[in-house]
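Structure, as structure tokens:
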Amino acid sequence: MVNTQANPDMLQRVLIIGGVAGGASCAARARRLSEKAEIIIFDKGPYVSYASCGLPYYVGDIIKEERDLLVATPEMFRRRFNIDVRLRTEVLRIERDARLIITRNLDTLEESSEHYDALVLAPGAVSVRPPIEGIDGPGIFNLRTIQDSQRIKQWIKDKSVKKAGIIGGGFIGLETAENLEKLGIEVSLIERLPQLMPNLDPEIARQLQERLTEHHVNCFLNQTVTGFKAGSQGISVSTTDNTRFFDMVILAMGVKPEISLALQAGLRIGDRGGIRVDDQMRTNDSRIWAVGDAIEVKNAVSGEWGLVPLAGPASRQGRIAADVIFGRNTKFRGIQGTMVCQVFGLTAAATGLCENTLSVMSEKIPYEKVFLYPGHHAGYYPGAKSIFLKLLFSPRSGKILGAQAVGEQGVEKRIDVISMAIQKNGSVEDLEEAEMCYAPQFGSAKDPVNLAGMVAANVKRGDSPVKHWNNLDMSAFHILDVREPLEFAGFHIENATNIPLPALRSRLAELPTNKPIAVYCAGGQRSYYATRILRQSGYQALNISGGMTSYKNIIGE
Ligand SMILES: Cc1cc2nc3c(=O)[nH]c(=O)nc-3n(C[C@H](O)[C@H](O)[C@H](O)COP(=O)(O)OP(=O)(O)OC[C@H]3O[C@@H](n4cnc5c(N)ncnc54)[C@H](O)[C@@H]3O)c2cc1C
């Protein structure tokens, strides 16, 4: 093995395959670390460093000009960084023994070979396109590149598209649905799974689905597409139980790592189908690094390998690869899957592990969860919007395992803070103590992040154990509703007793002592107070986390 760290000045030629998030950040960082090295980016596309994340908004005309998607140009790379960018140049193969890459100019078809001292693979991902009959027909598009978005825009214009089908309910599908709806197109989202956004838990994803439905986006879940066909009524999309017709179809069925070069070069591919790298982005060839959507990443919480195709990690990994190439000991800390997505003003964000994942590994990682519904800023200041916050944590150590939130304001700020806490191996007590900005228009003296920590720490300390609607054995508990009679009359759980919180101290004798008491209210706060009264009075009381609001969100009534 060549020890490339020993003498970074020997690295005369750094070649980078792929010039978008991972590749571009690697190149720019590399130049900041070495004025001597020759740095060349190869990309088979016509652009370097563009904002793929902006594509749904370009399709929807929110971003008006194509040039606004271009973060940098080859000229800028040359002038500012002295980096050579070769566009429309595909790398065909890697000859590791000779340390060469073979490239082809896609305009002239001329092939040439380039020697490298260090090679960085940042080829991204490819859209998943299952071999479904008719999938390559006209009017069926992916949304991955600027050219894809141009083709979609042109088709909408030429065909005066009125109805669009989107296959896949991940964040690209959702963002595209909103943008097409805003163009006046009737949109249907077709998803194979029983929920949208598989990286979110169902009760969070359901909020997004409801918001889409309110905005006339049809959401069809549990529907596997079996075929496409162009006909006089448009493009037919057949699913396991129906056939629908559209003027245009967008495939948003996910992505998979682009590993063709890595495979050809005999680089190690992991079990999840991405290039396997170490924590310094190095492949099993000490001269070759790989970053971005093409690689597998280790989950910082579970330690498991996975695929997390997001722009932030790709950029950070590119930077780390450059650091390591030039002799720095920088390490990638692993991934938490921190993400955010918005539809029609409703934002959902997540970090760490979700319950969908934890529930299948609960023996390895025992977890508990709490739900809360704080305002995004002080209630006394006009305009406070509720955030639905779910925190997952270890009941023994209090270690934060994950968090998800959905709401109209302040959602991503809370998830970002919790994300940082997770990265620092933080606990629910750390969230209790987190020092957050506060003025009434921004937060509360007890910020939602603090409240999440407090509620969870109360559980961990045994002050207020929790139960959840989805696994509550009603027969094993006396169910106590501590809301006001009017609220109780509106809707309540069958067989629940109603003792409003203010009356509880004087009516304790009405409660059985031979059964644990599960307490609920509207959102979990009054039932927490009640749980404390009861526990200090000798009752075995538990709080049903998030009360009736959780009931509605989890049970869906
Ligand atoms: C529509 C859309 C919306 C998105 N929104 C978000 C978002 O909101 N937030 C977020 O975090 N992420 C988002 N992403 C994901 C994000 O864009 C990717 O995670 C990120 O771009 C990955 O960076 P990368 O450098 O690994 O690969 P890419 O950005 O895909 O770049 C890879 C480049 O390599 C080139 N290439 C591949 N093979 C070769 C070869 N053999 N020779 C030469 N060149 C080659 C390709 O042409 C491509 O330009 C979105 C993606 C899309 C498509």
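Identifiers in the structure tokens: chain A, B, ... in order shown; residue index from 1 per chain; ligand index from 1 in order shown.
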
Write out as an MDAnalysis selection string the residues lying within 9 Å of range 362-379 of chain A, counting only C-alpha atoms and excluding same-chain residues fewer than 5 positions away.
chainID A and resid 302 355 357 384:396 401 407:411 438:445 447:448 451:452 455:456 459:460 466:468 523:525 545:547 549:550

Can you write just those residues out, C-alpha atoms, as a PDB file, in the first residue's frame?
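Listing of result.pdb after writing:
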```
ATOM      1  CA  SER A 302     -26.719   2.447  15.038  1.00  0.00           C
ATOM      2  CA  GLU A 355     -39.017   4.353  15.028  1.00  0.00           C
ATOM      3  CA  THR A 357     -35.910   1.522  11.940  1.00  0.00           C
ATOM      4  CA  ALA A 384     -47.393  30.839  17.482  1.00  0.00           C
ATOM      5  CA  LYS A 385     -47.655  27.617  15.503  1.00  0.00           C
ATOM      6  CA  SER A 386     -47.621  24.201  17.079  1.00  0.00           C
ATOM      7  CA  ILE A 387     -44.729  21.831  16.387  1.00  0.00           C
ATOM      8  CA  PHE A 388     -45.401  18.102  16.556  1.00  0.00           C
ATOM      9  CA  LEU A 389     -42.163  16.783  18.023  1.00  0.00           C
ATOM     10  CA  LYS A 390     -41.215  13.156  18.547  1.00  0.00           C
ATOM     11  CA  LEU A 391     -38.062  12.265  20.454  1.00  0.00           C
ATOM     12  CA  LEU A 392     -36.589   8.765  20.558  1.00  0.00           C
ATOM     13  CA  PHE A 393     -34.069   7.935  23.262  1.00  0.00           C
ATOM     14  CA  SER A 394     -32.503   5.153  25.272  1.00  0.00           C
ATOM     15  CA  PRO A 395     -34.612   4.619  28.412  1.00  0.00           C
ATOM     16  CA  ARG A 396     -31.544   3.509  30.350  1.00  0.00           C
ATOM     17  CA  LEU A 401     -31.463   8.181  19.229  1.00  0.00           C
ATOM     18  CA  GLY A 407     -45.148  22.013  11.704  1.00  0.00           C
ATOM     19  CA  GLU A 408     -45.366  25.319   9.914  1.00  0.00           C
ATOM     20  CA  GLN A 409     -42.611  27.240  11.682  1.00  0.00           C
ATOM     21  CA  GLY A 410     -39.379  26.590  13.532  1.00  0.00           C
ATOM     22  CA  VAL A 411     -39.278  22.864  12.785  1.00  0.00           C
ATOM     23  CA  TYR A 438     -35.152  33.353  23.309  1.00  0.00           C
ATOM     24  CA  ALA A 439     -37.199  36.420  22.562  1.00  0.00           C
ATOM     25  CA  PRO A 440     -40.968  35.964  22.210  1.00  0.00           C
ATOM     26  CA  GLN A 441     -41.004  36.006  18.409  1.00  0.00           C
ATOM     27  CA  PHE A 442     -38.361  33.241  18.202  1.00  0.00           C
ATOM     28  CA  GLY A 443     -38.979  30.734  20.950  1.00  0.00           C
ATOM     29  CA  SER A 444     -39.921  30.281  24.561  1.00  0.00           C
ATOM     30  CA  ALA A 445     -37.987  30.456  27.792  1.00  0.00           C
ATOM     31  CA  ASP A 447     -37.787  26.025  24.060  1.00  0.00           C
ATOM     32  CA  PRO A 448     -39.386  22.960  22.411  1.00  0.00           C
ATOM     33  CA  LEU A 451     -39.241  20.606  26.699  1.00  0.00           C
ATOM     34  CA  ALA A 452     -38.467  17.476  24.679  1.00  0.00           C
ATOM     35  CA  VAL A 455     -40.343  15.201  29.090  1.00  0.00           C
ATOM     36  CA  ALA A 456     -37.914  12.449  28.096  1.00  0.00           C
ATOM     37  CA  VAL A 459     -39.524   9.292  31.733  1.00  0.00           C
ATOM     38  CA  LYS A 460     -35.954   8.161  32.239  1.00  0.00           C
ATOM     39  CA  VAL A 466     -45.200   7.028  29.504  1.00  0.00           C
ATOM     40  CA  LYS A 467     -47.504   4.778  27.559  1.00  0.00           C
ATOM     41  CA  HIS A 468     -48.469   5.028  23.905  1.00  0.00           C
ATOM     42  CA  GLY A 523     -51.529  17.182  24.514  1.00  0.00           C
ATOM     43  CA  GLY A 524     -49.748  15.607  27.477  1.00  0.00           C
ATOM     44  CA  GLN A 525     -49.122  18.547  29.788  1.00  0.00           C
ATOM     45  CA  SER A 545     -47.676  10.634  25.699  1.00  0.00           C
ATOM     46  CA  GLY A 546     -49.157  13.477  23.697  1.00  0.00           C
ATOM     47  CA  GLY A 547     -52.724  12.755  24.850  1.00  0.00           C
ATOM     48  CA  THR A 549     -53.390  14.911  19.883  1.00  0.00           C
ATOM     49  CA  SER A 550     -51.224  11.800  19.689  1.00  0.00           C
TER      50      SER A 550
END
```

Tell me, which residues of range 151-251 of chain A carry DSSP alpha helix (DSSP H), written as a PyMOL selection string?
chain A and resi 151-158+171-182+202-214

Interatomic distance, CA of Ser236 in chain A to CA of Gln195 in chain A (Å, one decimal):
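One can read the CA of Ser236 in chain A to CA of Gln195 in chain A distance as 23.0 Å.
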
Taking only C-alpha atoms and all ligand atoms into account, which residues have an atom no farther than 7 Å from ligand 1? I'd like them as a VMD selection string.
chain A and resid 17 to 23 42 to 45 48 51 to 56 89 to 92 122 to 125 143 to 145 172 258 261 291 to 294 309 to 312 314 339 341

By how many Å are CA of Ala205 in chain A and CA of Asp430 in chain A apart?
27.3 Å

Selection: 12 Å around Asn471 in chain A, only C-alpha atoms, excl. self and same-chain fewer than 6 positions, as a ChimeraX atom specification:
/A:544-545,551,554-555

Quick one: everything within 9 Å of Asn82 in chain A, counting only C-alpha atoms, minus sequence neighbours fewer than 2 positions away in the same chain. Send it as a PDB file with all heavy atoms, in the first residue's frame.
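Saved as result-v2.pdb:
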```pdb
ATOM      1  N   ARG A  31      -7.652  22.702  -3.513  1.00  0.00           N
ATOM      2  CA  ARG A  31      -6.839  23.857  -3.898  1.00  0.00           C
ATOM      3  C   ARG A  31      -6.447  24.693  -2.681  1.00  0.00           C
ATOM      4  O   ARG A  31      -5.326  25.218  -2.588  1.00  0.00           O
ATOM      5  CB  ARG A  31      -7.607  24.719  -4.924  1.00  0.00           C
ATOM      6  CG  ARG A  31      -6.927  25.997  -5.296  1.00  0.00           C
ATOM      7  CD  ARG A  31      -5.494  25.781  -5.847  1.00  0.00           C
ATOM      8  NE  ARG A  31      -5.467  25.258  -7.199  1.00  0.00           N
ATOM      9  CZ  ARG A  31      -4.673  24.235  -7.597  1.00  0.00           C
ATOM     10  NH1 ARG A  31      -3.833  23.652  -6.757  1.00  0.00           N
ATOM     11  NH2 ARG A  31      -4.705  23.811  -8.841  1.00  0.00           N
ATOM     12  N   GLU A  35      -1.325  24.620  -3.382  1.00  0.00           N
ATOM     13  CA  GLU A  35      -1.195  25.488  -4.559  1.00  0.00           C
ATOM     14  C   GLU A  35      -0.454  24.767  -5.677  1.00  0.00           C
ATOM     15  O   GLU A  35      -0.512  25.165  -6.825  1.00  0.00           O
ATOM     16  CB  GLU A  35      -0.463  26.778  -4.189  1.00  0.00           C
ATOM     17  CG  GLU A  35      -1.383  27.893  -3.693  1.00  0.00           C
ATOM     18  CD  GLU A  35      -2.437  28.283  -4.726  1.00  0.00           C
ATOM     19  OE1 GLU A  35      -2.082  28.555  -5.876  1.00  0.00           O
ATOM     20  OE2 GLU A  35      -3.637  28.308  -4.376  1.00  0.00           O
ATOM     21  N   GLU A  38      -1.988  19.765  -9.459  1.00  0.00           N
ATOM     22  CA  GLU A  38      -2.845  19.969 -10.623  1.00  0.00           C
ATOM     23  C   GLU A  38      -4.173  19.285 -10.276  1.00  0.00           C
ATOM     24  O   GLU A  38      -4.187  18.097  -9.913  1.00  0.00           O
ATOM     25  CB  GLU A  38      -2.200  19.320 -11.850  1.00  0.00           C
ATOM     26  CG  GLU A  38      -2.971  19.568 -13.112  1.00  0.00           C
ATOM     27  CD  GLU A  38      -2.328  18.870 -14.319  1.00  0.00           C
ATOM     28  OE1 GLU A  38      -1.299  18.191 -14.148  1.00  0.00           O
ATOM     29  OE2 GLU A  38      -2.885  19.015 -15.415  1.00  0.00           O
ATOM     30  N   ILE A  39      -5.265  20.032 -10.355  1.00  0.00           N
ATOM     31  CA  ILE A  39      -6.562  19.476  -9.956  1.00  0.00           C
ATOM     32  C   ILE A  39      -7.489  19.542 -11.168  1.00  0.00           C
ATOM     33  O   ILE A  39      -7.686  20.615 -11.753  1.00  0.00           O
ATOM     34  CB  ILE A  39      -7.169  20.279  -8.778  1.00  0.00           C
ATOM     35  CG1 ILE A  39      -6.205  20.260  -7.581  1.00  0.00           C
ATOM     36  CG2 ILE A  39      -8.535  19.707  -8.381  1.00  0.00           C
ATOM     37  CD1 ILE A  39      -6.565  21.241  -6.479  1.00  0.00           C
ATOM     38  N   MET A  76     -15.309  30.065 -13.416  1.00  0.00           N
ATOM     39  CA  MET A  76     -15.075  30.469 -12.035  1.00  0.00           C
ATOM     40  C   MET A  76     -14.064  29.533 -11.365  1.00  0.00           C
ATOM     41  O   MET A  76     -13.172  29.985 -10.641  1.00  0.00           O
ATOM     42  CB  MET A  76     -16.389  30.444 -11.271  1.00  0.00           C
ATOM     43  CG  MET A  76     -16.268  31.024  -9.889  1.00  0.00           C
ATOM     44  SD  MET A  76     -17.726  30.610  -8.958  1.00  0.00           S
ATOM     45  CE  MET A  76     -16.980  30.026  -7.476  1.00  0.00           C
ATOM     46  N   PHE A  77     -14.220  28.224 -11.635  1.00  0.00           N
ATOM     47  CA  PHE A  77     -13.250  27.274 -11.070  1.00  0.00           C
ATOM     48  C   PHE A  77     -11.839  27.593 -11.556  1.00  0.00           C
ATOM     49  O   PHE A  77     -10.879  27.501 -10.798  1.00  0.00           O
ATOM     50  CB  PHE A  77     -13.618  25.833 -11.451  1.00  0.00           C
ATOM     51  CG  PHE A  77     -14.503  25.159 -10.427  1.00  0.00           C
ATOM     52  CD1 PHE A  77     -15.869  25.044 -10.624  1.00  0.00           C
ATOM     53  CD2 PHE A  77     -13.960  24.661  -9.255  1.00  0.00           C
ATOM     54  CE1 PHE A  77     -16.675  24.430  -9.672  1.00  0.00           C
ATOM     55  CE2 PHE A  77     -14.751  24.050  -8.296  1.00  0.00           C
ATOM     56  CZ  PHE A  77     -16.116  23.931  -8.510  1.00  0.00           C
ATOM     57  N   ARG A  78     -11.738  27.976 -12.826  1.00  0.00           N
ATOM     58  CA  ARG A  78     -10.399  28.253 -13.370  1.00  0.00           C
ATOM     59  C   ARG A  78      -9.829  29.532 -12.763  1.00  0.00           C
ATOM     60  O   ARG A  78      -8.703  29.547 -12.268  1.00  0.00           O
ATOM     61  CB  ARG A  78     -10.479  28.359 -14.900  1.00  0.00           C
ATOM     62  CG  ARG A  78      -9.107  28.416 -15.571  1.00  0.00           C
ATOM     63  CD  ARG A  78      -9.158  28.232 -17.082  1.00  0.00           C
ATOM     64  NE  ARG A  78     -10.409  28.658 -17.712  1.00  0.00           N
ATOM     65  CZ  ARG A  78     -10.767  29.917 -17.953  1.00  0.00           C
ATOM     66  NH1 ARG A  78      -9.959  30.903 -17.612  1.00  0.00           N
ATOM     67  NH2 ARG A  78     -11.922  30.199 -18.533  1.00  0.00           N
ATOM     68  N   ARG A  79     -10.654  30.590 -12.766  1.00  0.00           N
ATOM     69  CA  ARG A  79     -10.129  31.890 -12.322  1.00  0.00           C
ATOM     70  C   ARG A  79      -9.889  31.913 -10.816  1.00  0.00           C
ATOM     71  O   ARG A  79      -8.865  32.371 -10.333  1.00  0.00           O
ATOM     72  CB  ARG A  79     -11.099  33.009 -12.708  1.00  0.00           C
ATOM     73  CG  ARG A  79     -10.939  33.440 -14.160  1.00  0.00           C
ATOM     74  CD  ARG A  79     -11.701  34.718 -14.466  1.00  0.00           C
ATOM     75  NE  ARG A  79     -13.132  34.484 -14.562  1.00  0.00           N
ATOM     76  CZ  ARG A  79     -14.021  34.918 -13.687  1.00  0.00           C
ATOM     77  NH1 ARG A  79     -13.626  35.649 -12.663  1.00  0.00           N
ATOM     78  NH2 ARG A  79     -15.301  34.656 -13.832  1.00  0.00           N
ATOM     79  N   ARG A  80     -10.874  31.404 -10.077  1.00  0.00           N
ATOM     80  CA  ARG A  80     -10.761  31.538  -8.623  1.00  0.00           C
ATOM     81  C   ARG A  80      -9.848  30.484  -8.006  1.00  0.00           C
ATOM     82  O   ARG A  80      -9.132  30.741  -7.047  1.00  0.00           O
ATOM     83  CB  ARG A  80     -12.147  31.444  -7.990  1.00  0.00           C
ATOM     84  CG  ARG A  80     -12.139  31.725  -6.515  1.00  0.00           C
ATOM     85  CD  ARG A  80     -13.517  31.806  -5.921  1.00  0.00           C
ATOM     86  NE  ARG A  80     -14.251  32.974  -6.357  1.00  0.00           N
ATOM     87  CZ  ARG A  80     -15.493  33.247  -5.961  1.00  0.00           C
ATOM     88  NH1 ARG A  80     -16.130  32.427  -5.154  1.00  0.00           N
ATOM     89  NH2 ARG A  80     -16.100  34.336  -6.372  1.00  0.00           N
ATOM     90  N   ASP A  84      -9.031  22.900 -13.335  1.00  0.00           N
ATOM     91  CA  ASP A  84      -9.432  22.599 -14.714  1.00  0.00           C
ATOM     92  C   ASP A  84     -10.717  21.765 -14.665  1.00  0.00           C
ATOM     93  O   ASP A  84     -10.738  20.693 -14.042  1.00  0.00           O
ATOM     94  CB  ASP A  84      -8.269  21.814 -15.348  1.00  0.00           C
ATOM     95  CG  ASP A  84      -8.521  21.472 -16.805  1.00  0.00           C
ATOM     96  OD1 ASP A  84      -9.563  21.891 -17.338  1.00  0.00           O
ATOM     97  OD2 ASP A  84      -7.677  20.758 -17.385  1.00  0.00           O
TER      98      ASP A  84
END
```
